[in-house]
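Shown below: protein_26.cif, with mmCIF, C-alpha atoms.
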data_data
#
loop_
_atom_site.label_atom_id
_atom_site.label_comp_id
_atom_site.auth_asym_id
_atom_site.auth_seq_id
_atom_site.Cartn_x
_atom_site.Cartn_y
_atom_site.Cartn_z
CA MET A 19 41.07 -14.24 6.09
CA GLN A 20 40.35 -14.13 9.80
CA VAL A 21 36.86 -13.41 11.14
CA SER A 22 35.58 -12.79 14.64
CA VAL A 23 32.01 -11.91 15.62
CA GLU A 24 30.59 -10.44 18.80
CA SER A 25 27.03 -9.56 19.78
CA THR A 26 26.65 -6.00 21.00
CA GLY A 27 23.08 -6.49 22.19
CA GLY A 28 19.84 -7.58 20.58
CA LEU A 29 20.21 -8.27 16.88
CA THR A 30 23.33 -6.16 16.36
CA ARG A 31 26.57 -7.90 15.45
CA ARG A 32 30.10 -6.51 15.27
CA MET A 33 32.23 -8.52 12.87
CA LYS A 34 35.98 -7.98 12.56
CA VAL A 35 37.60 -9.15 9.34
CA SER A 36 41.34 -9.31 8.66
CA VAL A 37 42.47 -9.73 5.05
CA PRO A 38 46.03 -10.92 4.26
CA ALA A 39 48.20 -8.32 2.56
CA GLU A 40 48.96 -10.57 -0.41
CA ARG A 41 45.28 -10.76 -1.40
CA ILE A 42 45.22 -7.02 -1.98
CA ASP A 43 48.82 -6.67 -3.21
CA GLN A 44 48.40 -9.37 -5.84
CA GLU A 45 45.24 -7.84 -7.25
CA VAL A 46 46.77 -4.34 -7.28
CA GLU A 47 49.86 -5.59 -9.09
CA SER A 48 47.78 -7.54 -11.61
CA ARG A 49 45.71 -4.49 -12.49
CA LEU A 50 48.71 -2.19 -12.75
CA LYS A 51 50.42 -4.65 -15.11
CA ARG A 52 47.35 -4.72 -17.32
CA MET A 53 47.36 -0.93 -17.35
CA THR A 54 50.92 -0.81 -18.73
CA ARG A 55 49.58 -2.24 -21.99
CA SER A 56 47.07 0.56 -22.57
CA VAL A 57 47.82 3.58 -20.37
CA ARG A 58 49.11 6.73 -22.04
CA ILE A 59 51.76 8.77 -20.25
CA LYS A 60 53.64 11.66 -21.81
CA GLY A 61 57.18 10.70 -22.85
CA PHE A 62 56.44 7.00 -23.39
CA ARG A 63 55.08 5.11 -26.35
CA PRO A 64 51.74 3.29 -25.83
CA GLY A 65 52.39 -0.14 -24.34
CA LYS A 66 55.97 0.76 -23.37
CA VAL A 67 55.33 2.55 -20.07
CA PRO A 68 57.55 1.05 -17.33
CA PHE A 69 55.69 -0.71 -14.52
CA GLY A 70 57.34 1.49 -11.89
CA VAL A 71 56.00 4.64 -13.57
CA VAL A 72 52.48 3.25 -13.71
CA GLN A 73 52.75 2.14 -10.11
CA ARG A 74 53.83 5.57 -8.88
CA GLN A 75 51.11 7.41 -10.81
CA TYR A 76 48.13 5.05 -10.44
CA GLY A 77 49.03 2.81 -7.50
CA PRO A 78 47.10 4.67 -4.74
CA GLN A 79 43.96 4.95 -6.86
CA VAL A 80 44.02 1.29 -7.88
CA ARG A 81 44.67 0.19 -4.30
CA GLN A 82 41.67 2.17 -3.09
CA GLU A 83 39.46 0.52 -5.73
CA VAL A 84 40.74 -2.93 -4.84
CA VAL A 85 40.25 -2.39 -1.11
CA GLY A 86 36.62 -1.36 -1.71
CA GLU A 87 35.95 -4.45 -3.77
CA VAL A 88 37.73 -6.71 -1.29
CA VAL A 89 35.68 -5.32 1.57
CA GLN A 90 32.46 -6.09 -0.32
CA SER A 91 33.48 -9.61 -1.33
CA THR A 92 35.03 -10.60 2.00
CA PHE A 93 32.02 -9.30 3.93
CA TYR A 94 29.72 -11.75 2.15
CA GLU A 95 32.31 -14.52 2.44
CA ALA A 96 32.50 -13.86 6.17
CA VAL A 97 28.75 -13.84 6.83
CA VAL A 98 28.40 -17.10 4.92
CA GLN A 99 31.29 -18.59 6.87
CA GLU A 100 29.75 -17.50 10.18
CA LYS A 101 26.20 -18.50 9.11
CA LEU A 102 24.84 -14.98 9.63
CA ARG A 103 21.85 -13.40 7.89
CA PRO A 104 22.41 -9.62 7.69
CA ALA A 105 19.30 -7.43 7.78
CA GLY A 106 20.12 -4.25 5.92
CA SER A 107 23.45 -2.82 4.84
CA PRO A 108 26.47 -2.94 7.18
CA SER A 109 28.37 0.02 8.59
CA ILE A 110 32.04 -0.45 7.62
CA GLU A 111 34.95 1.06 9.54
CA PRO A 112 38.52 0.35 8.36
CA GLU A 113 41.13 -0.31 11.00
CA GLU A 114 44.85 -0.74 11.02
CA SER A 115 45.89 -4.36 10.93
CA GLY A 116 48.15 -5.58 13.67
CA ASP A 117 49.60 -8.23 11.40
CA ALA A 118 53.30 -8.10 10.64
CA ASP A 119 52.58 -8.47 6.93
CA GLY A 120 50.61 -5.24 6.92
CA GLY A 121 47.28 -6.85 6.00
CA PHE A 122 44.04 -4.90 5.79
CA GLY A 123 41.27 -5.06 8.41
CA TYR A 124 37.81 -3.61 8.96
CA VAL A 125 34.89 -3.83 11.34
CA ALA A 126 31.36 -4.35 10.00
CA THR A 127 28.43 -3.52 12.26
CA PHE A 128 25.02 -4.75 11.19
CA GLU A 129 21.77 -6.31 12.34
CA VAL A 130 20.81 -9.91 11.71
CA TYR A 131 17.45 -11.53 11.13
CA PRO A 132 15.92 -12.87 14.33
CA GLU A 133 15.41 -16.57 14.93
CA VAL A 134 11.69 -17.27 14.58
CA GLU A 135 10.13 -20.29 16.30
CA PRO A 136 6.41 -20.12 15.48
CA ALA A 137 4.24 -20.83 18.49
CA PRO A 138 1.90 -23.83 18.17
CA LEU A 139 -1.73 -23.08 17.37
CA GLU A 140 -3.27 -26.21 18.87
CA GLY A 141 -5.83 -25.16 21.47
CA VAL A 142 -5.63 -21.49 20.46
CA LYS A 143 -9.02 -19.88 19.86
CA ILE A 144 -9.49 -17.81 16.71
CA GLU A 145 -12.81 -16.10 15.99
CA LYS A 146 -14.14 -16.54 12.47
CA SER A 147 -17.06 -14.45 11.29
CA VAL A 148 -19.86 -16.29 9.49
CA ALA A 149 -22.72 -14.62 7.63
CA GLN A 150 -25.24 -15.11 4.85
CA VAL A 151 -26.89 -12.77 2.39
CA ALA A 152 -30.42 -12.28 3.75
CA ASP A 153 -33.48 -11.30 1.70
CA GLU A 154 -33.47 -7.86 3.34
CA ASP A 155 -29.85 -7.38 2.24
CA VAL A 156 -30.86 -8.04 -1.35
CA GLU A 157 -33.80 -5.63 -1.09
CA ARG A 158 -31.54 -2.98 0.43
CA MET A 159 -29.18 -3.37 -2.52
CA ILE A 160 -32.10 -3.19 -4.97
CA ASP A 161 -33.20 0.04 -3.29
CA ASN A 162 -29.68 1.43 -3.76
CA LEU A 163 -29.88 0.56 -7.45
CA ARG A 164 -33.25 2.30 -7.68
CA LYS A 165 -31.76 5.42 -6.06
CA GLN A 166 -28.99 5.40 -8.66
CA ARG A 167 -31.65 5.55 -11.40
CA ARG A 168 -34.06 7.90 -9.66
CA SER A 169 -35.58 10.89 -11.41
CA PHE A 170 -36.82 14.22 -10.03
CA GLU A 171 -40.11 15.96 -10.68
CA ALA A 172 -41.06 19.52 -9.72
CA VAL A 173 -43.61 19.83 -6.89
CA GLU A 174 -45.63 22.75 -5.51
CA ARG A 175 -44.79 22.40 -1.81
CA PRO A 176 -42.04 23.37 0.67
CA ALA A 177 -38.76 21.52 0.31
CA ALA A 178 -38.16 18.53 2.59
CA GLU A 179 -35.14 16.36 3.26
CA GLY A 180 -34.52 14.09 0.30
CA ASP A 181 -35.84 16.65 -2.17
CA ARG A 182 -33.69 18.41 -4.69
CA VAL A 183 -33.79 22.16 -4.98
CA VAL A 184 -32.52 24.15 -7.93
CA MET A 185 -31.04 27.42 -6.71
CA ASP A 186 -29.13 30.56 -7.53
CA TYR A 187 -26.75 31.78 -4.86
CA ASN A 188 -24.47 34.70 -4.08
CA GLY A 189 -21.96 34.47 -1.24
CA THR A 190 -20.01 37.25 0.46
CA ILE A 191 -17.34 37.36 3.17
CA GLU A 192 -17.49 40.61 5.15
CA GLY A 193 -19.54 42.04 2.29
CA GLU A 194 -16.94 41.19 -0.35
CA ASP A 195 -17.06 38.69 -3.20
CA PHE A 196 -14.65 35.74 -3.31
CA PRO A 197 -13.71 33.26 -6.04
CA GLY A 198 -16.61 30.91 -6.82
CA ASN A 199 -19.10 32.91 -4.75
CA ARG A 200 -21.86 32.89 -7.38
CA GLY A 201 -23.83 30.07 -8.98
CA GLN A 202 -26.96 29.70 -11.10
CA ASP A 203 -29.33 26.75 -11.54
CA VAL A 204 -27.32 24.67 -9.07
CA PRO A 205 -29.05 21.41 -8.05
CA VAL A 206 -28.69 20.48 -4.37
CA GLU A 207 -30.07 17.33 -2.78
CA LEU A 208 -31.16 18.19 0.75
CA GLY A 209 -29.63 15.86 3.31
CA SER A 210 -26.83 14.65 1.05
CA GLY A 211 -24.15 16.47 3.07
CA ARG A 212 -22.37 17.67 -0.06
CA MET A 213 -22.60 21.37 0.72
CA ILE A 214 -21.01 23.21 3.64
CA GLU A 215 -22.67 22.62 6.99
CA GLY A 216 -25.94 24.50 7.43
CA LEU A 217 -26.71 25.27 3.79
CA GLU A 218 -28.87 22.22 3.05
CA ALA A 219 -30.62 22.42 6.42
CA GLY A 220 -31.23 26.12 5.82
CA LEU A 221 -33.31 25.34 2.74
CA ILE A 222 -35.71 22.92 4.44
CA GLY A 223 -39.19 24.38 4.14
CA ALA A 224 -38.28 26.78 1.33
CA LYS A 225 -40.65 27.13 -1.65
CA ALA A 226 -39.95 27.85 -5.29
CA GLY A 227 -39.40 31.59 -5.74
CA GLU A 228 -38.36 32.14 -2.13
CA THR A 229 -35.09 33.88 -1.21
CA ARG A 230 -33.26 33.14 2.02
CA THR A 231 -30.17 34.63 3.63
CA LEU A 232 -27.98 32.06 5.39
CA ASP A 233 -25.17 32.99 7.78
CA LEU A 234 -22.71 30.07 7.68
CA LYS A 235 -19.03 29.30 8.11
CA PHE A 236 -16.59 27.48 5.87
CA PRO A 237 -14.92 24.44 7.49
CA GLU A 238 -11.40 24.90 8.78
CA ASP A 239 -10.18 22.20 6.37
CA TYR A 240 -12.07 23.56 3.34
CA HIS A 241 -10.25 22.80 0.09
CA PHE A 242 -10.00 26.49 -0.89
CA LYS A 243 -7.58 27.82 1.70
CA GLU A 244 -8.51 31.43 0.93
CA VAL A 245 -11.94 31.01 2.58
CA ALA A 246 -11.31 28.11 4.98
CA GLY A 247 -12.63 28.82 8.48
CA LYS A 248 -14.20 32.16 7.52
CA PRO A 249 -17.81 33.22 8.15
CA VAL A 250 -19.83 33.60 4.95
CA GLN A 251 -23.28 34.92 4.10
CA PHE A 252 -25.19 33.27 1.26
CA GLU A 253 -28.22 34.78 -0.41
CA VAL A 254 -30.06 31.83 -1.93
CA THR A 255 -33.02 31.95 -4.31
CA VAL A 256 -34.90 28.67 -4.71
CA LYS A 257 -36.04 28.33 -8.33
CA ALA A 258 -37.59 24.86 -8.07
CA VAL A 259 -38.36 22.14 -5.55
CA GLU A 260 -38.15 18.63 -6.97
CA GLU A 261 -39.24 15.34 -5.44
CA SER A 262 -37.39 12.12 -6.21
CA ARG A 263 -39.18 9.34 -8.05
CA LEU A 264 -37.83 5.80 -7.77
CA PRO A 265 -38.28 3.48 -10.77
CA GLU A 266 -40.34 0.31 -10.48
CA VAL A 267 -38.40 -2.94 -10.27
CA ASP A 268 -39.62 -4.46 -13.52
CA GLU A 269 -38.27 -5.94 -16.72
CA ALA A 270 -37.19 -2.56 -18.09
CA PHE A 271 -35.36 -1.78 -14.87
CA ALA A 272 -33.55 -5.13 -15.00
CA LYS A 273 -32.56 -4.61 -18.63
CA GLY A 274 -31.01 -1.30 -17.62
CA PHE A 275 -28.43 -3.36 -15.71
CA GLY A 276 -27.95 -5.84 -18.55
CA VAL A 277 -30.11 -8.56 -16.98
CA GLU A 278 -32.77 -10.44 -18.97
CA GLY A 279 -35.68 -12.14 -17.23
CA GLY A 280 -37.24 -9.38 -15.19
CA ALA A 281 -37.20 -8.61 -11.47
CA ASP A 282 -36.59 -12.19 -10.29
CA ALA A 283 -33.54 -12.56 -12.56
CA LEU A 284 -32.21 -9.22 -11.34
CA ARG A 285 -32.57 -10.26 -7.70
CA ALA A 286 -30.79 -13.54 -8.43
CA GLU A 287 -27.96 -11.67 -10.16
CA VAL A 288 -27.68 -9.20 -7.29
CA ARG A 289 -27.67 -11.99 -4.71
CA GLY A 290 -24.91 -13.84 -6.56
CA ASN A 291 -22.73 -10.73 -6.67
CA MET A 292 -23.38 -10.01 -3.00
CA GLU A 293 -22.48 -13.57 -2.01
CA ARG A 294 -19.16 -13.29 -3.85
CA GLU A 295 -18.45 -9.97 -2.15
CA LEU A 296 -19.46 -11.41 1.22
CA ASN A 297 -17.13 -14.40 0.81
CA GLN A 298 -14.27 -12.05 0.00
CA GLY A 299 -15.11 -9.90 3.02
CA LEU A 300 -15.34 -12.92 5.34
CA HIS A 301 -12.01 -14.20 4.04
CA ALA A 302 -10.42 -10.79 4.68
CA LYS A 303 -11.77 -10.78 8.27
CA ALA A 304 -10.53 -14.33 8.86
CA LYS A 305 -7.13 -13.40 7.48
CA ARG A 306 -6.95 -10.37 9.76
CA ALA A 307 -7.91 -12.51 12.76
CA VAL A 308 -5.21 -15.08 11.94
CA MET A 309 -2.56 -12.41 11.43
CA ASP A 310 -3.48 -10.70 14.69
CA LYS A 311 -3.23 -14.02 16.52
CA LEU A 312 0.15 -14.83 14.96
CA LEU A 313 1.48 -11.46 16.09
CA GLU A 314 0.05 -11.98 19.57
CA LEU A 315 1.67 -15.40 19.94
CA ASN A 316 5.03 -14.62 18.36
CA ALA A 317 6.78 -11.65 19.95
CA ILE A 318 10.09 -11.23 18.13
CA ASP A 319 12.85 -8.64 18.00
CA LEU A 320 12.72 -6.69 14.75
CA PRO A 321 15.72 -5.28 12.89
CA ALA A 322 15.47 -1.49 12.82
CA ALA A 323 16.90 -1.51 9.30
CA LEU A 324 13.93 -3.52 8.01
CA ILE A 325 11.40 -1.30 9.79
CA ASP A 326 13.04 1.86 8.45
CA GLY A 327 13.08 0.44 4.93
CA GLU A 328 9.42 -0.59 5.05
CA ALA A 329 8.34 2.76 6.55
CA GLY A 330 10.17 4.52 3.73
CA ARG A 331 8.36 2.41 1.13
CA LEU A 332 4.98 3.10 2.72
CA ALA A 333 5.70 6.84 2.77
CA GLN A 334 6.71 6.75 -0.89
CA GLN A 335 3.56 4.84 -1.83
CA MET A 336 1.36 7.37 -0.04
CA HIS A 337 3.22 10.23 -1.71
CA GLN A 338 2.64 8.70 -5.15
CA GLN A 339 -1.01 8.05 -4.35
CA LEU A 340 -1.69 11.64 -3.28
CA VAL A 341 0.13 13.03 -6.33
CA ALA A 342 -1.93 10.73 -8.56
CA GLN A 343 -5.05 12.21 -6.94
CA GLY A 344 -3.98 15.69 -7.95
CA ALA A 345 -1.83 16.96 -5.10
CA ARG A 346 1.28 18.93 -5.99
CA PRO A 347 4.45 16.92 -5.26
CA GLU A 348 6.04 19.83 -3.40
CA ASP A 349 3.00 20.07 -1.08
CA VAL A 350 3.10 16.42 -0.07
CA LYS A 351 5.46 15.85 2.84
CA MET A 352 5.52 12.26 4.02
CA ASP A 353 7.55 11.55 7.15
CA PRO A 354 8.39 7.83 7.26
CA SER A 355 8.02 7.90 11.05
CA MET A 356 4.26 8.30 10.48
CA PHE A 357 4.21 4.75 9.09
CA ARG A 358 6.47 3.11 11.66
CA ASP A 359 3.72 1.16 13.47
CA GLU A 360 2.34 -0.27 10.24
CA ALA A 361 5.87 -0.99 9.03
CA SER A 362 6.64 -2.90 12.25
CA ARG A 363 3.50 -4.98 11.81
CA ARG A 364 4.38 -5.81 8.22
CA VAL A 365 7.97 -6.73 9.01
CA ALA A 366 6.94 -8.95 11.92
CA LEU A 367 4.27 -10.72 9.89
CA GLY A 368 6.67 -11.13 6.99
CA LEU A 369 9.21 -12.91 9.21
CA ILE A 370 6.59 -15.11 10.88
CA LEU A 371 4.86 -16.06 7.63
CA ALA A 372 8.15 -16.79 5.89
CA GLU A 373 9.12 -19.25 8.62
CA ILE A 374 5.72 -20.99 8.58
CA ILE A 375 5.78 -21.22 4.77
CA LYS A 376 9.27 -22.73 4.88
CA ARG A 377 8.44 -25.25 7.60
CA GLN A 378 5.16 -26.32 6.00
CA GLY A 379 6.67 -26.48 2.53
CA PHE A 380 3.98 -24.30 0.99
CA LYS A 381 4.34 -23.45 -2.70
CA ALA A 382 2.30 -21.02 -4.76
CA ASP A 383 -0.59 -22.87 -6.45
CA PRO A 384 -0.48 -22.04 -10.21
CA ALA A 385 -4.22 -22.69 -10.61
CA LYS A 386 -5.11 -20.34 -7.74
CA VAL A 387 -2.70 -17.71 -9.01
CA ARG A 388 -4.30 -17.93 -12.47
CA GLU A 389 -7.72 -17.50 -10.87
CA MET A 390 -6.46 -14.34 -9.15
CA VAL A 391 -5.06 -13.07 -12.46
CA ASP A 392 -8.40 -13.71 -14.21
CA ASN A 393 -10.32 -11.91 -11.44
CA THR A 394 -8.01 -8.91 -11.72
CA ALA A 395 -8.19 -8.87 -15.51
CA ALA A 396 -12.00 -9.09 -15.55
CA SER A 397 -12.33 -5.42 -14.56
CA TYR A 398 -10.43 -4.25 -17.66
CA GLU A 399 -11.78 -3.62 -21.15
CA HIS A 400 -9.44 -6.20 -22.70
CA PRO A 401 -8.86 -8.85 -20.01
CA GLU A 402 -6.91 -11.15 -22.30
CA GLU A 403 -4.24 -8.47 -22.71
CA VAL A 404 -3.94 -8.13 -18.94
CA VAL A 405 -3.49 -11.88 -18.58
CA LYS A 406 -0.77 -11.87 -21.25
CA TRP A 407 1.00 -9.01 -19.45
CA TYR A 408 1.09 -10.92 -16.15
CA TYR A 409 2.57 -14.03 -17.73
CA ALA A 410 5.03 -12.23 -20.02
CA GLU A 411 7.50 -11.97 -17.13
CA LYS A 412 7.49 -14.26 -14.09
CA GLY A 413 8.29 -11.42 -11.71
CA ARG A 414 4.91 -9.84 -12.42
CA LEU A 415 3.18 -12.71 -10.63
CA ALA A 416 5.22 -12.22 -7.44
CA ASP A 417 2.58 -10.24 -5.53
CA LEU A 418 -0.20 -12.67 -6.45
CA GLU A 419 1.97 -15.66 -5.54
CA SER A 420 2.71 -14.07 -2.17
CA ALA A 421 -1.02 -13.49 -1.61
CA ASN A 422 -1.71 -17.14 -2.42
CA LEU A 423 0.95 -18.27 0.06
CA GLU A 424 -0.62 -16.06 2.72
CA ASP A 425 -4.00 -17.66 1.98
CA GLN A 426 -2.45 -21.09 2.49
CA VAL A 427 -1.08 -19.98 5.86
CA VAL A 428 -4.54 -18.72 6.85
CA ASP A 429 -6.20 -22.02 5.88
CA TRP A 430 -3.50 -23.97 7.72
CA ALA A 431 -3.82 -21.82 10.85
CA LEU A 432 -7.60 -22.24 10.94
CA GLU A 433 -7.14 -26.02 10.68
CA GLN A 434 -4.68 -26.00 13.58
CA ALA A 435 -6.57 -23.69 15.92
CA ASP A 436 -9.93 -23.98 17.67
CA VAL A 437 -12.17 -21.89 15.44
CA VAL A 438 -14.99 -20.06 17.20
CA GLU A 439 -17.67 -19.04 14.73
CA GLN A 440 -18.98 -15.55 15.29
CA PRO A 441 -22.37 -14.92 13.60
CA THR A 442 -22.58 -11.54 11.89
CA SER A 443 -24.45 -9.89 9.04
CA PHE A 444 -23.73 -8.80 5.51
CA GLN A 445 -23.86 -5.17 6.56
CA GLU A 446 -21.43 -5.66 9.45
CA VAL A 447 -18.95 -7.36 7.13
CA MET A 448 -19.21 -5.03 4.17
CA ASN A 449 -19.93 -1.72 5.94
CA PRO A 450 -18.38 -1.99 9.43
CA GLN A 451 -18.04 1.78 9.90
CA ALA A 452 -21.62 2.51 8.95
CA THR A 453 -22.83 -0.31 11.22
CA ALA A 454 -20.79 1.00 14.15
CA GLN A 455 -22.20 4.52 13.72
CA ALA A 456 -25.81 3.31 13.49
#

With the file now loaded, output its structure as structure tokens.
Amino acid sequence: MQVSVESTGGLTRRMKVSVPAERIDQEVESRLKRMTRSVRIKGFRPGKVPFGVVQRQYGPQVRQEVVGEVVQSTFYEAVVQEKLRPAGSPSIEPEESGDADGGFGYVATFEVYPEVEPAPLEGVKIEKSVAQVADEDVERMIDNLRKQRRSFEAVERPAAEGDRVVMDYNGTIEGEDFPGNRGQDVPVELGSGRMIEGLEAGLIGAKAGETRTLDLKFPEDYHFKEVAGKPVQFEVTVKAVEESRLPEVDEAFAKGFGVEGGADALRAEVRGNMERELNQGLHAKAKRAVMDKLLELNAIDLPAALIDGEAGRLAQQMHQQLVAQGARPEDVKMDPSMFRDEASRRVALGLILAEIIKRQGFKADPAKVREMVDNTAASYEHPEEVVKWYYAEKGRLADLESANLEDQVVDWALEQADVVEQPTSFQEVMNPQATAQA
């Protein structure tokens, strides 16, 4: 077998392979001879069919099968011989051999993995957010728990934001009814933003027994397409105005969340949970900062085949997620090109991380992986069954092992670089969007 390789630019390689005729001829002859022992041809007894007859009838088909198999096997022999790492499947084009013996030849065009030389991190600055759970964070969380358990009591005054009104309504579009246009005894919390724009605000100041007519418009992206973007008139009758009542933070309140020991024990439990969540959030921010820095420092050519494959997987995942949320499969159109930027990021990081892991000799830590399994299982009704499932087949731990290796890279990178601590708050870590909008 003769092999020659040329670079056609970037990561693309064009590899020409010439296979001696005898390699194919011998395998074709061997298969045809085996066929003479079992093939059935009219006019001959089983096992007595002459080789020449079998060759004439089945030779072309067998040769085609053998050539296909030889192409596959010799391609991998050739890339090993030439120390190439193909990225994606090759494009194969057969060509006539110029050899006197009539050998077979083909040209394989494919991309290879890029050479990755991770840039040093010494002297590189990486920002690392640091934060603590403050007393006001705990009290804010306690207030959220109180709101979850709030009750409502009827009041004899006009409705204000934060109140709940109980209403009957009748909606019409151009004087005509539409599906779902009527409702009775519907509770609406004013200021919650759960109704279409203008309805909640239109009930501020209303009293029990009062009827108001509201001229509104359905949003353009309203979930019922029949009325989306259309003007609508609602006739609303307020039947009751109710004021929220927050429960006291006492022993009974704490017991409602399964905590014994009263308000102090509840606050300690809440603080512990918040600190665990904060540590996870800070780790996620540090990981993002490290990954961003690795991408910034290591600009590498990426095989298009890997990007296309990853974009396809992301599109498929999004399709499955939307279908699981109730969308009809035929209505969900996911163009992989929508995910190309994210796919490029993932492919680049995958190549960089793989090289760092190899050079540093990192191995998945069984104890850390088990801790991740236990944390995942804890949210299920029967955690022990989840743990058994993970360890029943080694392949099921692959994602967690990869996550552990990534964590090791993050810790290593932070040790190598100059870490600049960036003070922040619990809210900024856990609710960055809400903090930005405030």

Please report, as a tab-separated table, each residue of stretch 350-380 of chain A lying at most 10 Å from stretch 332-338 of chain A, together with the nearest pair of atoms and the separation in Å rounded to one decimal; use all atoms listed in the file, and order rows by chain and ascending residue number.
residue	atom	partner	partner_atom	distance
A:Val350	CA	A:His337	CA	6.4
A:Lys351	CA	A:His337	CA	7.6
A:Met352	CA	A:Ala333	CA	5.6
A:Asp353	CA	A:Ala333	CA	6.7
A:Pro354	CA	A:Ala333	CA	5.3
A:Ser355	CA	A:Ala333	CA	8.7
A:Met356	CA	A:Ala333	CA	8.0
A:Phe357	CA	A:Leu332	CA	6.6
A:Arg358	CA	A:Leu332	CA	9.1
A:Glu360	CA	A:Leu332	CA	8.7
A:Ala361	CA	A:Leu332	CA	7.6

Put a box with edges along x, y and z around all the listed atoms of stretch 247-264 of chain A, pad it by 3 Å on each side, then give me its centre and sizes in Å, one decimal, as JSON.
{"center_x": -25.9, "center_y": 20.4, "center_z": 0.1, "size_x": 32.6, "size_y": 35.1, "size_z": 22.8}

Which residues, named as in the file, does the PyMOL selection byres ((chain A and resi 267-284) around 12) pick out? Answer as JSON, numbers by chain.
{"A": [156, 157, 159, 160, 161, 162, 163, 164, 165, 166, 167, 168, 264, 265, 266, 285, 286, 287, 288, 289, 290, 291]}

Apply the PyMOL selection byres ((chain A and resi 414-426) around 12) to the file shown and report the selected residues as a ChimeraX atom specification.
/A:298,301-302,304-306,308-309,367-368,370-376,378-394,404-413,427-433

Residue selection dump (C-alpha atoms) as a JSON list (two decimals), in the frame of the given file:
[["chain", "number", "residue", "atom", "x", "y", "z"],
["A", 298, "GLN", "CA", -14.27, -12.05, 0.00],
["A", 301, "HIS", "CA", -12.01, -14.20, 4.04],
["A", 302, "ALA", "CA", -10.42, -10.79, 4.68],
["A", 304, "ALA", "CA", -10.53, -14.33, 8.86],
["A", 305, "LYS", "CA", -7.13, -13.40, 7.48],
["A", 306, "ARG", "CA", -6.95, -10.37, 9.76],
["A", 308, "VAL", "CA", -5.21, -15.08, 11.94],
["A", 309, "MET", "CA", -2.56, -12.41, 11.43],
["A", 367, "LEU", "CA", 4.27, -10.72, 9.89],
["A", 368, "GLY", "CA", 6.67, -11.13, 6.99],
["A", 370, "ILE", "CA", 6.59, -15.11, 10.88],
["A", 371, "LEU", "CA", 4.86, -16.06, 7.63],
["A", 372, "ALA", "CA", 8.15, -16.79, 5.89],
["A", 373, "GLU", "CA", 9.12, -19.25, 8.62],
["A", 374, "ILE", "CA", 5.72, -20.99, 8.58],
["A", 375, "ILE", "CA", 5.78, -21.22, 4.77],
["A", 376, "LYS", "CA", 9.27, -22.73, 4.88],
["A", 378, "GLN", "CA", 5.16, -26.32, 6.00],
["A", 379, "GLY", "CA", 6.67, -26.48, 2.53],
["A", 380, "PHE", "CA", 3.98, -24.30, 0.99],
["A", 381, "LYS", "CA", 4.34, -23.45, -2.70],
["A", 382, "ALA", "CA", 2.30, -21.02, -4.76],
["A", 383, "ASP", "CA", -0.59, -22.87, -6.45],
["A", 384, "PRO", "CA", -0.48, -22.04, -10.21],
["A", 385, "ALA", "CA", -4.22, -22.69, -10.61],
["A", 386, "LYS", "CA", -5.11, -20.34, -7.74],
["A", 387, "VAL", "CA", -2.70, -17.71, -9.01],
["A", 388, "ARG", "CA", -4.30, -17.93, -12.47],
["A", 389, "GLU", "CA", -7.72, -17.50, -10.87],
["A", 390, "MET", "CA", -6.46, -14.34, -9.15],
["A", 391, "VAL", "CA", -5.06, -13.07, -12.46],
["A", 392, "ASP", "CA", -8.40, -13.71, -14.21],
["A", 393, "ASN", "CA", -10.32, -11.91, -11.44],
["A", 394, "THR", "CA", -8.01, -8.91, -11.72],
["A", 404, "VAL", "CA", -3.94, -8.13, -18.94],
["A", 405, "VAL", "CA", -3.49, -11.88, -18.58],
["A", 406, "LYS", "CA", -0.77, -11.87, -21.25],
["A", 407, "TRP", "CA", 1.00, -9.01, -19.45],
["A", 408, "TYR", "CA", 1.09, -10.92, -16.15],
["A", 409, "TYR", "CA", 2.57, -14.03, -17.73],
["A", 410, "ALA", "CA", 5.03, -12.23, -20.02],
["A", 411, "GLU", "CA", 7.50, -11.97, -17.13],
["A", 412, "LYS", "CA", 7.49, -14.26, -14.09],
["A", 413, "GLY", "CA", 8.29, -11.42, -11.71],
["A", 427, "VAL", "CA", -1.08, -19.98, 5.86],
["A", 428, "VAL", "CA", -4.54, -18.72, 6.85],
["A", 429, "ASP", "CA", -6.20, -22.02, 5.88],
["A", 430, "TRP", "CA", -3.50, -23.97, 7.72],
["A", 431, "ALA", "CA", -3.82, -21.82, 10.85],
["A", 432, "LEU", "CA", -7.60, -22.24, 10.94],
["A", 433, "GLU", "CA", -7.14, -26.02, 10.68]]

Could you tell me how far atom CA of A:Pro136 lies from atom CA of A:Ala317, in Å and to one decimal?
9.6 Å

Residues of stretch 288-331 of chain A that have any atom at most 7 Å from an atom of stretch 98-111 of chain A: could you tabulate them with the shortest-distance atom pair and the distance in Å to one decimal, using all atoms listed in the file, ordered by chain and increasing number, as JSON lines?
{"residue": "A:Pro321", "atom": "CA", "partner": "A:Ala105", "partner_atom": "CA", "distance": 6.6}
{"residue": "A:Ala323", "atom": "CA", "partner": "A:Gly106", "partner_atom": "CA", "distance": 5.4}
{"residue": "A:Leu324", "atom": "CA", "partner": "A:Gly106", "partner_atom": "CA", "distance": 6.6}

Of the candidates A:Val80, A:Val23, A:Ala435, A:Ala137, which one gets nearest to A:Asp43 if we count only C-alpha atoms?
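Closest residue, counting only C-alpha atoms: A:Val80.
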
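Residue nearest A:Thr26, chosen from A:Glu83, A:Gln434, A:Thr127, A:Arg41 and counting only C-alpha atoms: A:Thr127.
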
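When atom CA of A:Gly216 is paired with atom CA of A:Pro450, their separation reads 27.6 Å.
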